[in-house]
Amino acid sequence: MTNNAALPSQPEAPTLLRNYSTVQVSRKRLLRNHDTFIQWVQHVLNISCVCACLVLLTYSEVGEFTVPYRSLIAFTVLLMVLVYRSLGIYRRFENLEGGVRQLCRAWGLVVILLGVLSAITGVTDIFSKSVIIEWGVMSIAAQILIFYITYKIHAWYSQRVQVRIPTLIIGAGNMAQHLAERITSNIWLPEEVVGVMTRDAVPIDWAKEQYPFLGDVDQIADVVKEKGVKRIYVALAFHNIDKLLDIQERLKDVNVDLIWAPDIFSLNLLNHSVREMAGVPLINLNETPLLAGGPAFVKYTLDKLFSLIAIVMLSPILISVALIIKATSKGPIIFKQIRDGWDGKQFHVYKFRSMYVHTPEKIVKQATKGDPRITPIGRFIRRTSIDELPQLFNVLEGSMSLVGPRPHAVSHNQFYSGQVKQYLARHRIKPGMTGLAQVNGHRGETETVEAMEKRVRYDLEYIKNWSLSLDLKILFKTPFVLFSKNAY
């Protein structure tokens, strides 16, 4: 067909060829999953060993593999698929210890979720406690052994058998440096950096002996031939990105892998991600974590389950505080105030009333030490954060989360949005009963703009680095900061 397309007697053939090529390109997925074989092996072996451990223990101690244990296996496999993928268990860890720690976190989260589901459904007594305990311990021990063996085998193969790929880095910025250092330090990567090139031969500070500086990128074709380069990472700054087309043109007849690494480090990112639409790669530079698929669903489920369990368990305290408030001062038991929530949607936040009834001010004044508006019981419940417990109902109804930036009064948002950079970006995730700022000492009154800036900085860090494990860490630390000195 190619030869016929060149003949003058068939002028329509080139058009047909171009159309055919266009159709083929449009159907090709630009983003594809590049999971390695060893990752799938670990995935299958982990699930298999967990199932095998439970089957062996039930037969040896119960005598048969009954329906409840079969259901337990099904839920376990489902949770392992969701949790392990969300926590990145099967990615290539640079060291054995890091992989083992992450594996223990993931299995621990699966066990916790199974325990919560058992308590909610009331099937806890159906299972043998000794079987469940032994199963939990045996499963994690077997998974660690599998991880250790597969890690060692693959590390040996990468270092001793796998042929290294001569790799060239193009760029002078942080992204180029990051790529060079990661390629050099990560045993899982088959590349070997043979040098660095920049536009207009701009010198770079971080190019040491292990990253030889090879000059101007205009000479790239000669360098590729001289060094035998087989893979090139282009990490130019955005203002130099026009050079990418020139590089591609220079290398169109050269047998090399050309990889574009956008210099996103130069941008102020907020929970960035990479996804696709119709096969087209999309880099999201500012995204709410609540659209993160499986992990977001798990967060939603945990919020519902834990808030419901907490309401039931804390009901004696909730009822007692409500009766004391009613008996000691006039006014409603529950104080409701409009707050800005996820994506700026307003909602009513619930609190136990801790102040005497007074005329609301246009600009809400934060409580201070010795504030005369606070009732005697109010001082205690504010100090211990008991006044915040009704927000469990906010979590249950979906307007709040257990963990997230604390919701501020609308008047505070209006004031600080003009004083603190990216202040309103806090609303890219649901507000929480507790948050990263609170467990790091930024709880209660913010007397200065600088104090609010520090709180906002932690809130944004939480959004950027949100994960289920981070939520669990914050929930664990929260009880230890309830008596912080700046909560009045």
# chains A, B, ... in the order shown; residues from 1 in each chain; ligands from 1
$ residues_around --residues "region 469-471 of chain A" --least-positions-apart "5" --cutoff "12 Å" --atoms "only C-alpha atoms" --output "PyMOL selection string"
chain A and resi 83-84+86-88+101-110+295-296+298-300+302-303+401-405+432-436+439+461-464+476-478
$ residues_around --residues "region 201-215 of chain A" --least-positions-apart "3" --cutoff "10 Å" --atoms "only C-alpha atoms" --output "short mmCIF file (atom, residue, chain, number, x, y, z; two decimals) with N, CA, C and O atoms, in the first residue's frame"
data_model
loop_
_atom_site.label_atom_id
_atom_site.label_comp_id
_atom_site.auth_asym_id
_atom_site.auth_seq_id
_atom_site.Cartn_x
_atom_site.Cartn_y
_atom_site.Cartn_z
N LEU A 168 19.82 9.70 28.99
CA LEU A 168 20.22 11.10 28.94
C LEU A 168 19.12 11.96 29.54
O LEU A 168 17.93 11.74 29.30
N ILE A 169 19.51 12.94 30.37
CA ILE A 169 18.57 13.88 30.97
C ILE A 169 18.73 15.23 30.29
O ILE A 169 19.86 15.73 30.15
N ILE A 170 17.62 15.84 29.88
CA ILE A 170 17.65 17.17 29.28
C ILE A 170 16.91 18.14 30.18
O ILE A 170 15.71 17.99 30.42
N GLY A 171 17.62 19.13 30.72
CA GLY A 171 17.01 20.11 31.61
C GLY A 171 17.95 20.53 32.70
O GLY A 171 18.89 19.81 33.05
N ALA A 172 17.68 21.71 33.27
CA ALA A 172 18.55 22.25 34.32
C ALA A 172 17.83 22.48 35.63
O ALA A 172 18.46 22.83 36.63
N GLY A 173 16.51 22.26 35.66
CA GLY A 173 15.72 22.59 36.84
C GLY A 173 15.62 21.47 37.85
O GLY A 173 16.33 20.45 37.77
N ASN A 174 14.70 21.66 38.80
CA ASN A 174 14.52 20.68 39.88
C ASN A 174 14.01 19.34 39.38
O ASN A 174 14.36 18.29 39.91
N ALA A 176 14.64 17.93 36.45
CA ALA A 176 15.76 17.22 35.84
C ALA A 176 16.66 16.62 36.92
O ALA A 176 17.09 15.45 36.82
N GLN A 177 16.95 17.39 37.96
CA GLN A 177 17.78 16.89 39.06
C GLN A 177 17.10 15.72 39.77
O GLN A 177 17.73 14.72 40.10
N ALA A 180 17.38 12.58 37.66
CA ALA A 180 18.74 12.03 37.67
C ALA A 180 19.04 11.31 38.98
O ALA A 180 19.60 10.21 38.99
N GLU A 181 18.68 11.92 40.09
CA GLU A 181 18.96 11.32 41.39
C GLU A 181 18.15 10.05 41.63
O GLU A 181 18.65 9.07 42.18
N THR A 184 19.43 7.14 39.53
CA THR A 184 20.70 6.63 40.05
C THR A 184 20.52 5.82 41.34
O THR A 184 21.18 4.80 41.54
N GLU A 192 20.67 3.97 33.34
CA GLU A 192 21.93 4.50 33.87
C GLU A 192 22.17 5.87 33.22
O GLU A 192 22.28 5.97 32.00
N VAL A 193 22.24 6.91 34.03
CA VAL A 193 22.40 8.27 33.52
C VAL A 193 23.83 8.45 33.00
O VAL A 193 24.79 8.34 33.76
N VAL A 194 23.94 8.74 31.70
CA VAL A 194 25.27 8.93 31.11
C VAL A 194 25.61 10.40 30.96
O VAL A 194 26.76 10.74 30.65
N GLY A 195 24.64 11.29 31.19
CA GLY A 195 24.93 12.71 31.09
C GLY A 195 23.69 13.57 31.11
O GLY A 195 22.56 13.08 31.08
N VAL A 196 23.93 14.90 31.18
CA VAL A 196 22.86 15.89 31.21
C VAL A 196 23.15 16.96 30.16
O VAL A 196 24.29 17.40 30.01
N MET A 197 22.09 17.39 29.45
CA MET A 197 22.21 18.47 28.47
C MET A 197 21.17 19.54 28.78
O MET A 197 20.13 19.25 29.37
N THR A 198 21.46 20.78 28.40
CA THR A 198 20.53 21.88 28.63
C THR A 198 20.39 22.74 27.38
O THR A 198 21.21 22.64 26.46
N ASP A 218 21.19 21.23 21.24
CA ASP A 218 21.22 21.23 19.78
C ASP A 218 22.17 20.16 19.24
O ASP A 218 22.06 19.77 18.07
N GLN A 219 23.10 19.69 20.06
CA GLN A 219 24.05 18.66 19.65
C GLN A 219 23.58 17.27 20.07
O GLN A 219 24.38 16.33 20.13
N ILE A 220 22.31 17.13 20.34
CA ILE A 220 21.80 15.89 20.93
C ILE A 220 21.99 14.68 20.04
O ILE A 220 22.32 13.58 20.51
N VAL A 223 25.51 13.42 20.46
CA VAL A 223 25.73 12.83 21.78
C VAL A 223 25.07 11.45 21.88
O VAL A 223 25.64 10.52 22.44
#
$ select_by_dssp --residues "region 386-473 of chain A" --states "alpha helix (DSSP H)" --output "PyMOL selection string"
chain A and resi 391-397+410-416+436-439+449-464+468-473
$ write_last_selection --atoms "N, CA and C atoms" --output "CSV table (one decimal), in the first residue's frame"
chain,number,residue,atom,x,y,z
A,391,GLN,N,-20.9,17.4,66.2
A,391,GLN,CA,-20.5,17.4,64.8
A,391,GLN,C,-20.4,16.0,64.2
A,392,LEU,N,-20.5,15.0,65.1
A,392,LEU,CA,-20.6,13.6,64.6
A,392,LEU,C,-21.8,13.5,63.7
A,393,PHE,N,-22.9,14.2,64.0
A,393,PHE,CA,-24.1,14.2,63.2
A,393,PHE,C,-23.8,14.9,61.9
A,394,ASN,N,-22.9,15.9,61.9
A,394,ASN,CA,-22.5,16.6,60.6
A,394,ASN,C,-21.8,15.5,59.7
A,395,VAL,N,-20.9,14.7,60.4
A,395,VAL,CA,-20.2,13.7,59.6
A,395,VAL,C,-21.2,12.7,59.1
A,396,LEU,N,-22.1,12.3,59.9
A,396,LEU,CA,-23.1,11.2,59.5
A,396,LEU,C,-23.9,11.7,58.3
A,397,GLU,N,-24.3,13.0,58.3
A,397,GLU,CA,-25.2,13.5,57.2
A,397,GLU,C,-24.3,13.9,56.0
A,410,VAL,N,-18.1,32.2,58.6
A,410,VAL,CA,-18.1,32.8,57.3
A,410,VAL,C,-17.4,34.2,57.3
A,411,SER,N,-17.6,35.0,58.4
A,411,SER,CA,-16.9,36.3,58.5
A,411,SER,C,-15.4,36.1,58.5
A,412,HIS,N,-14.9,35.1,59.2
A,412,HIS,CA,-13.5,34.8,59.2
A,412,HIS,C,-12.9,34.5,57.8
A,413,ASN,N,-13.7,33.7,57.1
A,413,ASN,CA,-13.3,33.4,55.7
A,413,ASN,C,-13.2,34.6,54.9
A,414,GLN,N,-14.2,35.5,55.0
A,414,GLN,CA,-14.2,36.7,54.2
A,414,GLN,C,-13.0,37.6,54.5
A,415,PHE,N,-12.6,37.6,55.8
A,415,PHE,CA,-11.5,38.5,56.2
A,415,PHE,C,-10.2,37.9,55.8
A,416,TYR,N,-10.0,36.6,56.2
A,416,TYR,CA,-8.6,36.0,56.0
A,416,TYR,C,-8.4,35.7,54.5
A,436,LEU,N,-4.9,18.1,60.4
A,436,LEU,CA,-3.4,18.1,60.6
A,436,LEU,C,-2.9,19.3,61.4
A,437,ALA,N,-3.6,20.5,61.2
A,437,ALA,CA,-3.2,21.7,61.9
A,437,ALA,C,-3.5,21.5,63.4
A,438,GLN,N,-4.6,20.9,63.7
A,438,GLN,CA,-4.9,20.8,65.2
A,438,GLN,C,-4.0,19.8,65.9
A,439,VAL,N,-3.6,18.7,65.3
A,439,VAL,CA,-2.6,17.8,66.0
A,439,VAL,C,-1.2,18.3,66.0
A,449,VAL,N,-2.6,37.2,62.1
A,449,VAL,CA,-2.7,36.7,60.7
A,449,VAL,C,-1.6,35.6,60.5
A,450,GLU,N,-0.4,35.8,61.1
A,450,GLU,CA,0.7,34.8,61.0
A,450,GLU,C,0.2,33.4,61.6
A,451,ALA,N,-0.5,33.5,62.7
A,451,ALA,CA,-1.0,32.2,63.3
A,451,ALA,C,-2.0,31.5,62.3
A,452,MET,N,-2.8,32.3,61.7
A,452,MET,CA,-3.8,31.7,60.7
A,452,MET,C,-3.0,31.2,59.5
A,453,GLU,N,-1.9,31.9,59.1
A,453,GLU,CA,-1.1,31.4,57.9
A,453,GLU,C,-0.5,30.0,58.2
A,454,LYS,N,-0.1,29.8,59.5
A,454,LYS,CA,0.5,28.5,59.8
A,454,LYS,C,-0.6,27.4,59.8
A,455,ARG,N,-1.8,27.8,60.3
A,455,ARG,CA,-2.9,26.8,60.3
A,455,ARG,C,-3.2,26.4,58.8
A,456,VAL,N,-3.3,27.4,58.0
A,456,VAL,CA,-3.7,27.2,56.6
A,456,VAL,C,-2.6,26.4,55.9
A,457,ARG,N,-1.3,26.6,56.2
A,457,ARG,CA,-0.2,25.9,55.6
A,457,ARG,C,-0.4,24.4,55.9
A,458,TYR,N,-0.8,24.1,57.2
A,458,TYR,CA,-1.0,22.7,57.5
A,458,TYR,C,-2.2,22.1,56.8
A,459,ASP,N,-3.3,22.9,56.7
A,459,ASP,CA,-4.5,22.5,56.0
A,459,ASP,C,-4.2,22.1,54.5
A,460,LEU,N,-3.4,23.0,53.9
A,460,LEU,CA,-3.0,22.7,52.5
A,460,LEU,C,-2.1,21.5,52.3
A,461,GLU,N,-1.2,21.4,53.3
A,461,GLU,CA,-0.3,20.2,53.3
A,461,GLU,C,-1.2,18.9,53.4
A,462,TYR,N,-2.2,19.0,54.2
A,462,TYR,CA,-3.1,17.8,54.3
A,462,TYR,C,-3.8,17.5,53.0
A,463,ILE,N,-4.3,18.5,52.3
A,463,ILE,CA,-5.0,18.3,51.0
A,463,ILE,C,-4.0,17.7,50.0
A,464,LYS,N,-2.8,18.3,50.0
A,464,LYS,CA,-1.8,17.8,49.0
A,464,LYS,C,-1.4,16.4,49.2
A,468,LEU,N,-5.5,7.7,53.3
A,468,LEU,CA,-6.2,7.0,54.4
A,468,LEU,C,-5.3,6.8,55.6
A,469,SER,N,-4.0,6.5,55.4
A,469,SER,CA,-3.1,6.3,56.5
A,469,SER,C,-2.9,7.6,57.2
A,470,LEU,N,-2.8,8.8,56.5
A,470,LEU,CA,-2.7,10.1,57.2
A,470,LEU,C,-3.9,10.4,58.0
A,471,ASP,N,-5.1,10.0,57.5
A,471,ASP,CA,-6.3,10.2,58.3
A,471,ASP,C,-6.3,9.4,59.6
A,472,LEU,N,-5.8,8.2,59.6
A,472,LEU,CA,-5.7,7.4,60.7
A,472,LEU,C,-4.7,7.9,61.7
A,473,LYS,N,-3.6,8.4,61.2
A,473,LYS,CA,-2.6,9.0,62.1
A,473,LYS,C,-3.1,10.2,62.9
$ closest_residue --among "A:Leu145, A:Leu308, A:Ile73, A:Val123" --to "Val100 (chain A)" --atoms "only C-alpha atoms"
A:Leu145
$ select_by_dssp --residues "region 199-390 of chain A" --states "strand (DSSP E or B)" --output "short mmCIF file (atom, residue, chain, number, x, y, z; two decimals) with C-alpha atoms, in the first residue's frame"
data_model
loop_
_atom_site.label_atom_id
_atom_site.label_comp_id
_atom_site.auth_asym_id
_atom_site.auth_seq_id
_atom_site.Cartn_x
_atom_site.Cartn_y
_atom_site.Cartn_z
CA PHE A 213 27.46 17.82 31.55
CA LEU A 214 27.29 17.20 27.79
CA GLY A 215 26.53 20.71 26.53
CA ASP A 216 23.84 22.24 24.33
CA ARG A 231 16.42 6.59 26.51
CA ILE A 232 16.00 10.37 26.94
CA TYR A 233 14.05 12.26 29.60
CA VAL A 234 13.08 15.81 28.59
CA ASP A 257 12.90 6.28 23.78
CA LEU A 258 11.92 9.94 24.19
CA ILE A 259 10.06 10.67 27.44
CA TRP A 260 8.60 14.04 28.38
CA LEU A 270 -2.67 21.18 45.20
CA SER A 273 -2.90 13.78 39.70
CA VAL A 274 -2.65 12.27 36.25
CA ARG A 275 -5.67 10.78 34.53
CA GLU A 276 -7.04 10.35 31.05
CA MET A 277 -10.07 11.27 28.99
CA VAL A 280 -5.67 11.68 26.29
CA PRO A 281 -3.36 12.26 29.32
CA LEU A 282 -4.55 15.03 31.65
CA ILE A 283 -2.43 16.50 34.44
CA ASN A 284 -4.69 17.89 37.15
CA ASN A 286 -5.54 21.49 41.46
CA ILE A 334 -27.39 22.82 70.28
CA PHE A 335 -25.75 25.90 68.76
CA LYS A 336 -25.95 26.06 64.97
CA GLN A 337 -23.81 28.33 62.83
CA ILE A 338 -23.40 28.64 59.07
CA ARG A 339 -19.98 27.58 57.82
CA ASP A 340 -18.39 27.23 54.40
CA GLN A 346 -22.55 26.35 53.13
CA PHE A 347 -23.94 24.15 55.90
CA HIS A 348 -24.96 24.38 59.56
CA VAL A 349 -22.27 23.16 61.94
CA TYR A 350 -23.56 21.67 65.20
CA LYS A 351 -22.06 22.34 68.63
CA PHE A 352 -23.17 22.12 72.22
CA MET A 355 -22.03 30.57 75.74
CA ILE A 374 -18.80 31.45 78.14
#
$ closest_residue --among "A:Asn46, A:Val55, A:Pro332, A:Arg379" --to "Glu134 (chain A)" --atoms "only C-alpha atoms"
A:Val55
$ closest_residue --among "A:Ala310, A:Val217, A:Val137, A:Val256" --to "Asn240 (chain A)" --atoms "only C-alpha atoms"
A:Val217
$ closest_residue --among "A:Leu79, A:Ile381, A:Val163, A:Leu305" --to "Leu482 (chain A)" --atoms "only C-alpha atoms"
A:Ile381
$ closest_residue --among "A:Gln419, A:Ser266, A:Asn465, A:Thr448" --to "His239 (chain A)" --atoms "only C-alpha atoms"
A:Ser266
$ closest_residue --among "A:Lys227, A:Val111, A:Ala425, A:Asn440" --to "Pro166 (chain A)" --atoms "only C-alpha atoms"
A:Lys227
$ atom_distance --atom1 "CA of Ser315 (chain A)" --atom2 "CA of Ser329 (chain A)"
21.5 Å
$ residues_around --residues "Gln162 (chain A)" --least-positions-apart "5" --cutoff "10 Å" --atoms "only C-alpha atoms" --output "MDAnalysis selection string"
chainID A and resid 154:157 189:190
$ write_last_selection --atoms "N, CA, C and O atoms" --output "short mmCIF file (atom, residue, chain, number, x, y, z; two decimals), in the first residue's frame"
data_model
loop_
_atom_site.label_atom_id
_atom_site.label_comp_id
_atom_site.auth_asym_id
_atom_site.auth_seq_id
_atom_site.Cartn_x
_atom_site.Cartn_y
_atom_site.Cartn_z
N HIS A 154 14.07 -9.92 42.75
CA HIS A 154 14.03 -8.86 41.73
C HIS A 154 15.22 -7.91 41.86
O HIS A 154 15.73 -7.42 40.86
N ALA A 155 15.66 -7.65 43.10
CA ALA A 155 16.83 -6.80 43.29
C ALA A 155 18.07 -7.46 42.70
O ALA A 155 18.90 -6.80 42.05
N TRP A 156 18.20 -8.78 42.93
CA TRP A 156 19.34 -9.52 42.36
C TRP A 156 19.30 -9.48 40.84
O TRP A 156 20.32 -9.24 40.18
N TYR A 157 18.12 -9.67 40.28
CA TYR A 157 17.98 -9.65 38.83
C TYR A 157 18.31 -8.27 38.26
O TYR A 157 18.99 -8.16 37.23
N LEU A 189 15.05 0.59 38.78
CA LEU A 189 15.05 1.20 37.46
C LEU A 189 16.23 0.70 36.65
O LEU A 189 17.37 0.69 37.12
N PRO A 190 16.01 0.30 35.39
CA PRO A 190 17.09 -0.27 34.57
C PRO A 190 17.97 0.78 33.91
O PRO A 190 18.94 0.43 33.25
#
$ atom_distance --atom1 "CA of Glu249 (chain A)" --atom2 "CA of Asp222 (chain A)"
13.9 Å
